[in-house]
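Below is one structure, written out as structure tokens, with a few remarks after it.
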Amino acid sequence: MRKIRLMLPSMNGFFTFEAAARCGNFARAAEELNVTPAAVSRMVGRLEEHIGFPLFDRLPGGVALTEPGRILHEAVGRGFSGIERALQEIEDRRIGIETVTLSVSTGFTTHWMMPHMAELKRDFPKLELRFQLIMSALGGPVHDVDLGMRFVDRADARHELSYIMPEIVLPVCSPSYAEAGVENGRSVSAVRRTIRVIRLSEAEPDWSHLLPPEAMDPPPETMDLDDYGIVVQAAMLGQGVALGWLNVVGHGLRTGALIPFGGRASATGRQCQFMRLRDKPLRPIVADLRDWITRRLRADIDAVAGHHPDLGLDGLLRNTM
């Protein structure tokens, strides 16, 4: 370790490099660091000389990272974030707070976490939750968080997984929207209503096979949104039919704010998992929160399966768990 430290340049060089990379401009980095652009240029030049590779391409309007620069910037960014997290954790422990950061979708935060927040605060009075919110498809690695909820097939070398439930999807809508498909005692097929499908832009799979045949004639209208939390909210407000991921809409189905549209659910073959970095120590509060969320999500699934036996959730769960 001592040999590595001797090989590294000063921390000022890393601070200057990080600011220049983030700002994309030596002048803006200089303003942030309260030095001159020439000083930033000299410090970056010394760092490049020490490393032996150019870190930036100098352009007329600013600078752009080279491939070595990109690799170093990612590592420096992780290092600074880790230091920041450590300092925050030290301060939180000093005042008696335990902080956990979750990487989850806006839909899960809005439509599952928020309804359970009072219960969560009761069971974890010293917990402070922080969120890294994902608006679109729930995937990718986790960075700078304690836990990330992801739909994945298997673990990898960097990440450890904790199973929550299978990925199950089904069309959902509000009770009022479903009732609007019946006029004078006739069903949707008789009145040939044009339904509206609320979609998560281009991020979701084709789920037309989950809709009843009569819903496809005439062809549905569409409403495209970029945030899954708003997709589910629009469905709750009676704006149309949405694809519901069961881990998000389970609470709404349990309380009756949402109902299945068409009576079919499908397992994708992937699994909903909590993902965490293997090299990050698992704190007891993180493990306890992970297990708490998992238990309550599964309780929602059991309740929905009992309320809506036609969905076939018991069979899907037996085949995938």
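Naming works like this for the structure tokens: A, B, ... for the chains as they're shown, residue 1 at the start of each chain, ligands 1 onward in shown order.
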
Give me, as a PDB file with C-alpha atoms, in the first residue's frame, all polymer residues having an atom no more than 12 Å from Glu74 (chain A), counting only C-alpha atoms and skipping those fewer than 2 positions away in the same chain.
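After the write, out-v2.pdb holds the following:
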ATOM      1  CA  PHE A  14      -7.234  14.606  -8.413  1.00  0.00           C
ATOM      2  CA  PHE A  17      -8.968  16.713 -12.582  1.00  0.00           C
ATOM      3  CA  GLU A  18     -12.414  15.753 -11.224  1.00  0.00           C
ATOM      4  CA  ALA A  21     -13.876  16.492 -16.121  1.00  0.00           C
ATOM      5  CA  ARG A  22     -17.235  17.295 -14.551  1.00  0.00           C
ATOM      6  CA  LEU A  65     -12.051  12.984 -21.581  1.00  0.00           C
ATOM      7  CA  GLU A  67     -10.329   6.814 -22.754  1.00  0.00           C
ATOM      8  CA  PRO A  68      -7.692   6.767 -19.961  1.00  0.00           C
ATOM      9  CA  GLY A  69      -9.276   9.945 -18.611  1.00  0.00           C
ATOM     10  CA  ARG A  70     -12.704   8.314 -18.535  1.00  0.00           C
ATOM     11  CA  ILE A  71     -11.365   5.295 -16.638  1.00  0.00           C
ATOM     12  CA  LEU A  72      -9.612   7.496 -14.088  1.00  0.00           C
ATOM     13  CA  VAL A  76     -11.921   9.133  -8.764  1.00  0.00           C
ATOM     14  CA  GLY A  77     -15.673   9.760  -8.703  1.00  0.00           C
ATOM     15  CA  ARG A  78     -16.267   6.500  -6.808  1.00  0.00           C
ATOM     16  CA  GLY A  79     -13.514   7.377  -4.384  1.00  0.00           C
ATOM     17  CA  PHE A  80     -14.855  10.857  -3.639  1.00  0.00           C
ATOM     18  CA  SER A  81     -18.398   9.465  -3.274  1.00  0.00           C
ATOM     19  CA  HIS A 143     -23.368   2.525  -7.617  1.00  0.00           C
ATOM     20  CA  ASP A 144     -22.998   4.487  -4.380  1.00  0.00           C
TER      21      ASP A 144
END

Within 10 Å of Arg199 (chain A), counting only C-alpha atoms, which residues show up once you throw out same-chain ones fewer than 2 positions away? Write them as a list in words, please.
Arg196, Val197, Ser201, Glu202, Ala203, Glu204, Pro205, Asp206, Thr222, Met223, Asp224, Leu225, Asp226, Asp227, Tyr228, Val231, Val232, Gly240, Val241, Ala242 and Leu243 of chain A

Okay, now the selection with N, CA and C atoms, as a PDB file, in the first residue's frame?
ATOM      1  N   ARG A 196     -57.743   2.998 -23.749  1.00  0.00           N
ATOM      2  CA  ARG A 196     -56.482   3.734 -23.811  1.00  0.00           C
ATOM      3  C   ARG A 196     -55.426   2.954 -23.052  1.00  0.00           C
ATOM      4  N   VAL A 197     -54.303   2.698 -23.703  1.00  0.00           N
ATOM      5  CA  VAL A 197     -53.176   2.001 -23.091  1.00  0.00           C
ATOM      6  C   VAL A 197     -52.139   3.034 -22.684  1.00  0.00           C
ATOM      7  N   SER A 201     -43.209   4.848 -22.317  1.00  0.00           N
ATOM      8  CA  SER A 201     -42.447   5.172 -23.525  1.00  0.00           C
ATOM      9  C   SER A 201     -42.081   3.885 -24.266  1.00  0.00           C
ATOM     10  N   GLU A 202     -40.784   3.723 -24.569  1.00  0.00           N
ATOM     11  CA  GLU A 202     -40.356   2.525 -25.302  1.00  0.00           C
ATOM     12  C   GLU A 202     -39.688   1.506 -24.380  1.00  0.00           C
ATOM     13  N   ALA A 203     -39.810   1.693 -23.074  1.00  0.00           N
ATOM     14  CA  ALA A 203     -39.029   0.884 -22.142  1.00  0.00           C
ATOM     15  C   ALA A 203     -39.693  -0.431 -21.767  1.00  0.00           C
ATOM     16  N   GLU A 204     -40.971  -0.606 -22.069  1.00  0.00           N
ATOM     17  CA  GLU A 204     -41.651  -1.807 -21.611  1.00  0.00           C
ATOM     18  C   GLU A 204     -41.891  -2.787 -22.762  1.00  0.00           C
ATOM     19  N   PRO A 205     -42.049  -4.060 -22.440  1.00  0.00           N
ATOM     20  CA  PRO A 205     -42.237  -5.063 -23.489  1.00  0.00           C
ATOM     21  C   PRO A 205     -43.629  -4.977 -24.098  1.00  0.00           C
ATOM     22  N   ASP A 206     -43.824  -5.694 -25.201  1.00  0.00           N
ATOM     23  CA  ASP A 206     -45.148  -5.800 -25.816  1.00  0.00           C
ATOM     24  C   ASP A 206     -46.018  -6.683 -24.927  1.00  0.00           C
ATOM     25  N   THR A 222     -53.160   5.219 -27.329  1.00  0.00           N
ATOM     26  CA  THR A 222     -51.982   5.110 -26.473  1.00  0.00           C
ATOM     27  C   THR A 222     -51.659   6.447 -25.821  1.00  0.00           C
ATOM     28  N   MET A 223     -51.098   6.364 -24.637  1.00  0.00           N
ATOM     29  CA  MET A 223     -50.562   7.519 -23.919  1.00  0.00           C
ATOM     30  C   MET A 223     -49.168   7.139 -23.462  1.00  0.00           C
ATOM     31  N   ASP A 224     -48.139   7.807 -23.958  1.00  0.00           N
ATOM     32  CA  ASP A 224     -46.753   7.501 -23.618  1.00  0.00           C
ATOM     33  C   ASP A 224     -46.241   8.459 -22.549  1.00  0.00           C
ATOM     34  N   LEU A 225     -45.652   7.899 -21.496  1.00  0.00           N
ATOM     35  CA  LEU A 225     -45.082   8.686 -20.402  1.00  0.00           C
ATOM     36  C   LEU A 225     -43.662   8.194 -20.126  1.00  0.00           C
ATOM     37  N   ASP A 226     -42.832   9.061 -19.572  1.00  0.00           N
ATOM     38  CA  ASP A 226     -41.427   8.727 -19.336  1.00  0.00           C
ATOM     39  C   ASP A 226     -41.131   8.268 -17.913  1.00  0.00           C
ATOM     40  N   ASP A 227     -42.109   8.355 -17.018  1.00  0.00           N
ATOM     41  CA  ASP A 227     -41.896   8.058 -15.608  1.00  0.00           C
ATOM     42  C   ASP A 227     -42.923   7.009 -15.185  1.00  0.00           C
ATOM     43  N   TYR A 228     -42.426   5.841 -14.705  1.00  0.00           N
ATOM     44  CA  TYR A 228     -43.358   4.772 -14.372  1.00  0.00           C
ATOM     45  C   TYR A 228     -44.250   5.128 -13.183  1.00  0.00           C
ATOM     46  N   VAL A 231     -47.101   6.697 -14.772  1.00  0.00           N
ATOM     47  CA  VAL A 231     -47.894   5.690 -15.488  1.00  0.00           C
ATOM     48  C   VAL A 231     -48.916   5.057 -14.545  1.00  0.00           C
ATOM     49  N   VAL A 232     -48.448   4.606 -13.389  1.00  0.00           N
ATOM     50  CA  VAL A 232     -49.347   3.961 -12.433  1.00  0.00           C
ATOM     51  C   VAL A 232     -50.357   4.963 -11.877  1.00  0.00           C
ATOM     52  N   GLY A 240     -56.751   5.101 -18.130  1.00  0.00           N
ATOM     53  CA  GLY A 240     -56.569   4.006 -19.067  1.00  0.00           C
ATOM     54  C   GLY A 240     -56.040   2.765 -18.386  1.00  0.00           C
ATOM     55  N   VAL A 241     -55.494   1.852 -19.209  1.00  0.00           N
ATOM     56  CA  VAL A 241     -54.959   0.578 -18.750  1.00  0.00           C
ATOM     57  C   VAL A 241     -53.439   0.631 -18.840  1.00  0.00           C
ATOM     58  N   ALA A 242     -52.760   0.186 -17.788  1.00  0.00           N
ATOM     59  CA  ALA A 242     -51.292   0.207 -17.755  1.00  0.00           C
ATOM     60  C   ALA A 242     -50.766  -1.193 -17.485  1.00  0.00           C
ATOM     61  N   LEU A 243     -49.525  -1.432 -17.892  1.00  0.00           N
ATOM     62  CA  LEU A 243     -48.853  -2.659 -17.514  1.00  0.00           C
ATOM     63  C   LEU A 243     -48.378  -2.509 -16.079  1.00  0.00           C
TER      64      LEU A 243
END

Find the residue from A:Ser41, A:Gln239, A:Asn12, A:Ser103 that sits nearest to Asn25 (chain A); use only C-alpha atoms when measuring.
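Among the listed residues, the smallest separation from Asn25 (chain A) belongs to A:Ser41.
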
May I ask for the distance between CA of Arg28 (chain A) and CA of Ser10 (chain A), given in Å to one decimal place?
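A separation of 21.3 Å between them.
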
What lies within 12 Å of Ser208 (chain A) using only C-alpha atoms, ignoring chain neighbours under 6 positions off, as JSON, numbers by chain?
{"A": [169, 170, 171, 197, 198, 199, 214, 215, 216, 217, 219, 220, 241, 242, 243, 261, 262, 264, 265, 266]}

May I have all residues of region 35-204 of chain A that DSSP, computed from the backbone, assigns to alpha helix (DSSP H), given as a VMD selection string?
chain A and resid 37 to 51 67 to 94 106 to 108 117 to 123 175 to 179 188 to 191

Just list the residues in region 134-220 of chain A DSSP gives strand (DSSP E) on the backbone, as a list in words.
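After running DSSP on the backbone, region 134-220 of chain A has strand (DSSP E) at Ile134, Leu147, Gly148, Met149, Arg150, Phe151, Val152, His159, Glu160, Leu161, Ser162, Tyr163, Ile164, Met165, Pro166, Glu167, Ile168, Val169, Leu170, Pro171, Val172, Cys173, Arg196, Val197, Ile198 and Arg199 of chain A.
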
Gly148 (chain A): which residues within 8 Å, counting only C-alpha atoms, same-chain residues fewer than 5 positions away excluded, as a list in words?
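Residues near the query, excluding close chain neighbours: Leu102, Ser103, Val104, Val142, Phe274, Met275 and Arg276 of chain A.
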
Which residues come within 10 Å of Leu313 (chain A), counting only C-alpha atoms, excluding same-chain residues fewer than 3 positions away, as a short mmCIF file (atom, residue, chain, number, x, y, z; two decimals) with N, CA and C atoms, in the first residue's frame?
data_model
loop_
_atom_site.label_atom_id
_atom_site.label_comp_id
_atom_site.auth_asym_id
_atom_site.auth_seq_id
_atom_site.Cartn_x
_atom_site.Cartn_y
_atom_site.Cartn_z
N ILE A 168 -43.42 -10.44 -12.25
CA ILE A 168 -44.77 -10.76 -12.75
C ILE A 168 -45.43 -9.48 -13.21
N ARG A 264 -55.44 -11.74 -16.58
CA ARG A 264 -54.26 -12.55 -16.92
C ARG A 264 -53.00 -11.90 -16.37
N ALA A 265 -52.15 -12.74 -15.79
CA ALA A 265 -50.84 -12.30 -15.34
C ALA A 265 -49.79 -13.18 -15.98
N SER A 266 -48.58 -12.68 -16.07
CA SER A 266 -47.52 -13.43 -16.75
C SER A 266 -46.21 -13.24 -16.01
N ALA A 267 -45.44 -14.32 -15.89
CA ALA A 267 -44.08 -14.26 -15.35
C ALA A 267 -43.10 -14.12 -16.50
N ILE A 301 -48.35 -9.94 -2.22
CA ILE A 301 -48.60 -10.92 -3.28
C ILE A 301 -49.60 -11.97 -2.81
N ASP A 302 -49.41 -12.47 -1.60
CA ASP A 302 -50.33 -13.47 -1.07
C ASP A 302 -51.75 -12.93 -1.00
N VAL A 304 -53.06 -10.43 -2.82
CA VAL A 304 -53.59 -10.25 -4.18
C VAL A 304 -53.99 -11.60 -4.77
N ALA A 305 -53.19 -12.64 -4.52
CA ALA A 305 -53.53 -13.97 -5.02
C ALA A 305 -54.86 -14.45 -4.44
N GLY A 306 -55.11 -14.12 -3.17
CA GLY A 306 -56.38 -14.51 -2.55
C GLY A 306 -57.56 -13.71 -3.08
N HIS A 308 -57.76 -12.23 -6.07
CA HIS A 308 -57.95 -12.40 -7.51
C HIS A 308 -57.42 -13.78 -7.94
N PRO A 309 -58.12 -14.85 -7.57
CA PRO A 309 -57.62 -16.19 -7.90
C PRO A 309 -57.54 -16.45 -9.40
N ASP A 310 -58.33 -15.74 -10.22
CA ASP A 310 -58.29 -15.96 -11.66
C ASP A 310 -56.96 -15.56 -12.30
N LEU A 316 -47.97 -19.30 -10.83
CA LEU A 316 -46.77 -18.57 -11.28
C LEU A 316 -45.70 -18.58 -10.18
N LEU A 317 -46.14 -18.41 -8.95
CA LEU A 317 -45.19 -18.37 -7.85
C LEU A 317 -44.57 -19.74 -7.62
N ARG A 318 -45.38 -20.80 -7.72
CA ARG A 318 -44.83 -22.14 -7.53
C ARG A 318 -43.81 -22.49 -8.59
N ASN A 319 -44.03 -22.03 -9.80
CA ASN A 319 -43.14 -22.37 -10.91
C ASN A 319 -41.86 -21.55 -10.94
#

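If only C-alpha atoms are the atoms counted, then among A:Val100, A:Gly315, A:Ser176, A:Asp123 the closest residue to Trp292 (chain A) is A:Asp123.
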
Could you tell me which of A:Asp146, A:His111, A:Ala287, A:Asp279 comes closest to Leu253 (chain A) if we count only C-alpha atoms?
A:His111

Which one is closest to Thr106 (chain A): A:Gly139, A:Pro260, A:Pro218, A:Gly229? Count only C-alpha atoms.
A:Gly229

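Minimum atom-to-atom distances from A:Asp153, A:Asp314, A:Glu221, A:Asp300 to Val248 (chain A) were compared using only C-alpha atoms, and the lowest value belongs to A:Asp300.
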
Near region 114-122 of chain A, counting only C-alpha atoms, which residues have an atom at most 12 Å away, once you skip same-chain residues fewer than 6 positions from it, shown as a ChimeraX atom specification?
/A:106-108,128-129,229,248-252,254-255,288-290,292-293,296-297,300

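Rounded to one decimal, CA of Cys173 (chain A) and CA of Arg295 (chain A) lie 25.6 Å from each other.
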
Minimum-distance residue to Leu161 (chain A), chosen among A:Val63, A:Ile195, A:Cys272, A:Ile285 (using only C-alpha atoms)
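The closest residue to Leu161 (chain A) is A:Cys272.
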
One decimal, in Å: what's the spacing between CA of Ile259 (chain A) and CA of Met236 (chain A)?
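Result for CA of Ile259 (chain A) versus CA of Met236 (chain A): 9.3 Å, one decimal.
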